[in-house]
Each structure stands twice: as structure tokens, then as C-alpha cells.
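Asker: Before we start, here is the structure in question, set down as C-alpha cells.
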Amino acid sequence: MTAIGATVQYGPSSYSWMPMRQPGVSDAARKVGQLLGLSAAHRAISATGLTRIADPVASLYDLYEECGVANWDGEGAEPLSSDAVEEAEQLVYLIPSSIPIPEFVPEPSGAIALEWYEGRDRVYLLSVDGTKSIQFAAIMGRGNELHGRLNFDGSLPVMVLDHLKLFFHG
Amino acid sequence: MAFDQGDGEELTRFVVDRRHIRRSDNTVHHNAFMPARDDTLSVYWITELPDAEVWDIGNTHVAPYRGKPIIGRADLNSLVVYGESLRVQTLGAQQN
């Protein structure tokens with residue numbers, strides 16, 4: 001019996017939790033410290049019962065701890081960027097309460113996707129990579145697919161809001 | 001055996017990372033099929049292979065390379081790949 005390896009070829013809250021000003025500490029290290037501080041803060045909030053936001057955000061920072069290193073998937077993935085984590089967190093806070101909190105999915109490019117999944121023919125994805133843009137992709141019923149890119153200025157784009165309303169409320 | 005005859009070929013993507021699997025129903029997230037930096041993604045051609053042999057390929061050729069055990073696989077037809085304007089490139093044969 002013969003098996004042949006094949007390759008799929010692809011074509012072409014700005015948060016300041018607590019200032020950690022330490023001489024000799026790089027901006028990157030400082031940012032990581034801030035993010036980890038945020039993670040601890042969110043766990044504390046979670047303990048008080050504000051679970052709609054706090055638990056998902058804590059899981060976002062857990063993901064950052066796991067995937068904030070190169071090659072986290074064993075196939076050469078880029079580390080999740082702290083800027084991407086911040087943008088993902090901003091999006092979570094911007095989601096209306098009538099919309100469920102999404103699942104976070106790390107991407108090998110270092111971006112983070114927010115995924116709403118209701119079956120193989122109903123999926124909505126937002127992806128942020130820390131560059132102030134949002135990529136969206138959706139399957140809203142068999143044959144109804146859409147995707148695109150929008151600027152992200154810290155507010156939830158109206159188009160995304162409309163998509164989510166359509167996705168969940170018809 | 002010629003590649004891509006008639007109804008397409010069965011391909012599989014071995015999964016070693018739990019973050020590629022959707023917990024709610026054990027299907028794969030999109031990230032399981034996102035390419036690495038070189039815009040390529042490793043899959044295996046499994047048309048007509050018995051299930052046990054497919055898993056054996058993963059355990060023998062994929063898990064050691066990835067440094068993690070195989071925890072699942074996602075099968076798809078090559079026609080799905082072409083439907084997304086991607087292409088499948090065969091690289092070589094492994095005799096089992």
C-alpha cells in the first residue's frame with residue numbers, strides 16, 4: 001500500500017493596568033508584565049461573579065501564556081502578539097450582551113480569532129492581529145459565505161454588529 | 001496510482017494540538033488548516049487506504065516530526081481544496 005505526502009498550496013483596550021516602569025526593562029517585557037497583571041485581575045473579577053466577561057478574558061490570557069511563544073503548534077507558528085490579545089479583549093467588551101461570548105482560537109500567523117459556531121454551516125469569525133484591522137469570515141447557512149477586512153478603531157464596526165445580529169437573531 | 005481521478009482524492013490533516021479542535025463537537029477549527037509562514041500545509045493522500053493504515057501514517061511520520069502524539073485527524077476531499085482556489089502538490093511516496 002502506498003501513501004503519498006501532499007501539500008495544500010495557498011495562493012497569493014488600550015489598557016494600562018499598573019505602570020511597570022523599570023529601568024532596563026524592554027517595552028515588550030513591560031507589556032507582558034501588564035498583560036499578566038491583567039490576567040490576575042480578571043481572575044479576581046471572576047471570583048466575584050462577573051463571569052460573562054471575566055472568565056472569557058481570563059481564558060484569553062491563558063491562551064496568550066500558552067501561545068505567546070514561537071512554534072506553539074509544532075509547525076512553526078508565530079507567537080500570539082500582545083497587541084492582538086489587547087484587540088481581542090477590546091472586542092469582547094464591545095460585544096452586545098445579547099450576543100454570546102465567542103471562543104478564542106489562536107492562528108499560526110500570531111493573530112487571534114473570535115469564533116461563534118453553531119454547526120458546520122453556521123460559523124462567524126473575527127480575526128485580529130494587532131494592526132488595527134479586523135478580518136471577518138462567515139458561513140451563514142449553506143452557500144451563504146462572506147469575508148472581508150475592516151478598520152478597527154476601538155469601536156465595534158457597524159457591519160460586524162449587523163452580521164452578529166443576523167447570525168443570532170435572523 | 002494517479003492523483004486526482006474523477007471524484008477527487010481523500011486527504012487528511014493530522015491534528016496534534018488541542019487548540020485545533022473545537023471542544024463542543026470535536027470538529028476542527030479553521031486554524032487546523034491555516035498555513036505556516038511558507039504558505040504551505042502538510043496533508044496526506046489517503047484514498048483507498050484502510051483506516052488503521054491512515055492512523056499508522058500519522059503515528060509513524062507526523063507525530064515524531066511534530067513532537068506530539070496524534071489526537072485526531074480531519075479528512076477532506078481534494079475537490080474542496082480546488083474549490084477554494086488552492087492546489088495540492090504531491091511530494092513523494094512512503095511505502096508502508
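Within each chain, counting starts at residue 1; across the C-alpha cells, chains are named A, B, ... in the order shown, with ligands numbered 1 upward in that order.
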If we count only C-alpha atoms and set the cut-off at 7 Å, which residues sit around segment 24-31 of chain B, ignoring sequence neighbours fewer than 3 positions away in its own chain? Please answer as a PyMOL selection string.
Answerer: (chain A and resi 107) or (chain B and resi 20-21+34+74)
Asker: Please identify which residues in chain B DSSP calls strand (DSSP E) from the backbone, and express them as a PyMOL selection string.
Answerer: chain B and resi 10-15+40-45+72-77+87-95
Asker: Take the residues just selected and output them with C-alpha atoms as a short mmCIF file (atom, residue, chain, number, x, y, z; two decimals), in the first residue's frame.
Answerer:
data_model
loop_
_atom_site.label_atom_id
_atom_site.label_comp_id
_atom_site.auth_asym_id
_atom_site.auth_seq_id
_atom_site.Cartn_x
_atom_site.Cartn_y
_atom_site.Cartn_z
CA GLU B 10 -9.32 11.80 0.02
CA LEU B 11 -6.83 13.86 2.02
CA THR B 12 -6.25 14.04 5.73
CA ARG B 13 -4.73 16.57 8.05
CA PHE B 14 -3.35 15.06 11.25
CA VAL B 15 -4.04 17.05 14.39
CA THR B 40 2.02 25.51 2.65
CA LEU B 41 0.22 22.97 4.78
CA SER B 42 1.04 19.30 5.16
CA VAL B 43 -1.73 16.82 4.41
CA TYR B 44 -1.69 13.13 3.42
CA TRP B 45 -3.28 11.39 0.47
CA GLY B 72 -7.23 13.45 15.73
CA ARG B 73 -7.44 13.94 12.03
CA ALA B 74 -9.55 15.97 9.63
CA ASP B 75 -10.43 14.30 6.33
CA LEU B 76 -11.43 16.24 3.25
CA ASN B 77 -11.72 15.76 -0.48
CA ARG B 87 -3.82 23.44 -5.18
CA VAL B 88 -2.49 20.12 -3.95
CA GLN B 89 1.11 19.27 -4.65
CA THR B 90 2.29 15.69 -4.25
CA LEU B 91 5.75 15.41 -2.81
CA GLY B 92 6.65 11.74 -2.71
CA ALA B 93 5.65 8.23 -1.70
CA GLN B 94 6.11 6.33 1.51
CA GLN B 95 5.97 2.54 1.33
#
Asker: What is the distance, in Å and to one decimal place, between atom CA of Pro96 of chain A and atom CA of Lys165 of chain A?
Answerer: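 Pair atom CA of Pro96 of chain A / atom CA of Lys165 of chain A returns 9.6 Å.
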Asker: Find the distance between atom CA of Trp72 of chain A and atom CA of Val128 of chain A and write it in Å to one decimal.
Answerer: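 A separation of 18.1 Å between them.
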Asker: So the first atom is atom CA of Val57 of chain A and the second is atom CA of Tyr117 of chain A; what is the distance between them in Å, to one decimal place?
Answerer: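 Distance between the two atoms: 18.4 Å.
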Asker: Write down as a list of chain:residue names the residues of segment 68-167 of chain A whose backbone DSSP state falls under alpha helix (DSSP H).
Answerer: A:Ser82, A:Asp83, A:Ala84, A:Val85, A:Glu86, A:Glu87, A:Ala88, A:Glu89, A:Gln90, A:Leu91, A:Val92, A:Tyr93, A:Leu94, A:Val158, A:Met159, A:Val160, A:Leu161, A:Asp162, A:His163, A:Leu164, A:Lys165, A:Leu166, A:Phe167
Asker: How would the residues just picked look written out with N, CA and C atoms as a compact mmCIF listing (two decimals), in the first residue's frame?
Answerer:
# COMPACT_ATOMS: atom_id res chain seq x y z
N SER A 82 1.00 40.51 21.72
CA SER A 82 0.28 41.16 22.82
C SER A 82 -0.72 42.17 22.28
N ASP A 83 -0.40 42.80 21.16
CA ASP A 83 -1.34 43.74 20.56
C ASP A 83 -2.61 43.02 20.07
N ALA A 84 -2.43 41.82 19.55
CA ALA A 84 -3.59 41.05 19.12
C ALA A 84 -4.46 40.68 20.31
N VAL A 85 -3.82 40.33 21.41
CA VAL A 85 -4.58 39.98 22.62
C VAL A 85 -5.38 41.18 23.10
N GLU A 86 -4.75 42.34 23.09
CA GLU A 86 -5.46 43.55 23.53
C GLU A 86 -6.66 43.84 22.63
N GLU A 87 -6.47 43.68 21.33
CA GLU A 87 -7.60 43.94 20.41
C GLU A 87 -8.71 42.91 20.61
N ALA A 88 -8.33 41.67 20.85
CA ALA A 88 -9.35 40.64 21.08
C ALA A 88 -10.14 40.97 22.35
N GLU A 89 -9.42 41.43 23.36
CA GLU A 89 -10.10 41.79 24.61
C GLU A 89 -11.04 42.98 24.39
N GLN A 90 -10.57 43.96 23.62
CA GLN A 90 -11.43 45.10 23.33
C GLN A 90 -12.72 44.64 22.65
N LEU A 91 -12.59 43.71 21.72
CA LEU A 91 -13.78 43.23 21.02
C LEU A 91 -14.76 42.56 21.98
N VAL A 92 -14.21 41.78 22.92
CA VAL A 92 -15.10 41.09 23.87
C VAL A 92 -15.93 42.10 24.64
N TYR A 93 -15.29 43.19 25.05
CA TYR A 93 -16.02 44.21 25.81
C TYR A 93 -17.05 44.93 24.95
N LEU A 94 -16.84 44.92 23.64
CA LEU A 94 -17.74 45.64 22.74
C LEU A 94 -18.92 44.81 22.27
N VAL A 158 -19.99 48.75 12.53
CA VAL A 158 -21.43 48.54 12.35
C VAL A 158 -21.68 47.29 11.52
N MET A 159 -20.82 47.06 10.53
CA MET A 159 -21.02 45.88 9.69
C MET A 159 -20.91 44.59 10.50
N VAL A 160 -19.96 44.55 11.43
CA VAL A 160 -19.81 43.37 12.27
C VAL A 160 -21.03 43.20 13.17
N LEU A 161 -21.48 44.30 13.72
CA LEU A 161 -22.66 44.25 14.58
C LEU A 161 -23.86 43.71 13.80
N ASP A 162 -24.04 44.20 12.59
CA ASP A 162 -25.14 43.72 11.74
C ASP A 162 -25.00 42.24 11.46
N HIS A 163 -23.77 41.81 11.16
CA HIS A 163 -23.54 40.38 10.91
C HIS A 163 -23.94 39.54 12.12
N LEU A 164 -23.51 40.00 13.30
CA LEU A 164 -23.79 39.21 14.51
C LEU A 164 -25.29 39.16 14.81
N LYS A 165 -25.96 40.28 14.58
CA LYS A 165 -27.41 40.29 14.79
C LYS A 165 -28.09 39.33 13.83
N LEU A 166 -27.64 39.35 12.58
CA LEU A 166 -28.20 38.46 11.58
C LEU A 166 -27.90 37.01 11.94
N PHE A 167 -26.69 36.77 12.41
CA PHE A 167 -26.25 35.42 12.74
C PHE A 167 -27.08 34.83 13.88
Asker: Identify which of the residues B:Gly58, B:Gly67, B:Gly6, B:Gly83 lies closest to chain A, counting only C-alpha atoms when measuring atom-to-atom distances.
Answerer: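 Closest to chain A, using only C-alpha atoms: B:Gly67.
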Asker: List as a list in words the protein and nucleic acid residues near Lys132 of chain A, meaning an atom at most 9 Å away when only C-alpha atoms are counted, but skip any in the same chain fewer than 5 places from it.
Answerer: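 So, after excluding close chain neighbours, the residues are Ala84, Glu87, Leu150, Asn151, Phe152, Asp153 and Gly154 of chain A.
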Asker: Calculated over only C-alpha atoms, which of the candidates B:Asp39, B:Asp56, B:Glu9, B:Asp17 has the smallest distance to Pro106 of chain A?
Answerer: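 When distances to Pro106 of chain A are compared using only C-alpha atoms, the smallest one comes from B:Asp17.
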Asker: Compile the contact shell of Leu126 of chain A as a PDB file with C-alpha atoms, in the first residue's frame: residues with an atom at most 9 Å away, counting only C-alpha atoms, same-chain residues fewer than 5 positions apart removed.
Answerer:
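To be explicit, this is the file written out as around.pdb:
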ATOM      1  CA  ILE A 112      -6.409  35.590  17.394  1.00  0.00           C
ATOM      2  CA  ALA A 113      -9.802  34.640  16.069  1.00  0.00           C
ATOM      3  CA  LEU A 114     -13.087  35.053  17.880  1.00  0.00           C
ATOM      4  CA  GLU A 115     -15.346  32.243  16.774  1.00  0.00           C
ATOM      5  CA  TRP A 116     -19.092  31.816  17.040  1.00  0.00           C
ATOM      6  CA  ILE A 134     -10.468  43.108  11.679  1.00  0.00           C
ATOM      7  CA  GLN A 135     -10.821  40.290   9.226  1.00  0.00           C
ATOM      8  CA  PHE A 136     -14.202  38.612   9.182  1.00  0.00           C
ATOM      9  CA  ALA A 137     -15.340  35.376   7.585  1.00  0.00           C
ATOM     10  CA  ALA A 138     -18.691  33.685   7.864  1.00  0.00           C
ATOM     11  CA  VAL A 160     -19.811  43.366  12.270  1.00  0.00           C
TER      12      VAL A 160
END
Asker: Taking only C-alpha atoms into account, which of A:Ser59, A:Ser155, A:Thr131, A:Thr51 comes nearest Glu103 of chain A?
Answerer: A:Ser59
Asker: Which residues are near Asp4 of chain B? Cut-off 9 Å, only C-alpha atoms, ignore same chain within fewer than 4 positions. Put them as a count of residues only.
Answerer: 4
Asker: Which of these residues is nearest to Val16 of chain B, using only C-alpha atoms: B:Thr60, B:Phe3, B:Arg66, B:Asp51?
Answerer: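 So, comparing all the options, the nearest one is B:Arg66.
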Asker: Which residue gives the smallest distance to chain A among B:Ile71, B:Ala63, B:Glu84, B:Ala36, with only C-alpha atoms counted?
Answerer: B:Ala36
Asker: With only C-alpha atoms as the basis for distance, which of A:Asn144, A:Ser97, A:Ser133, A:Ser127 is at the shortest distance from chain B?
Answerer: A:Ser127
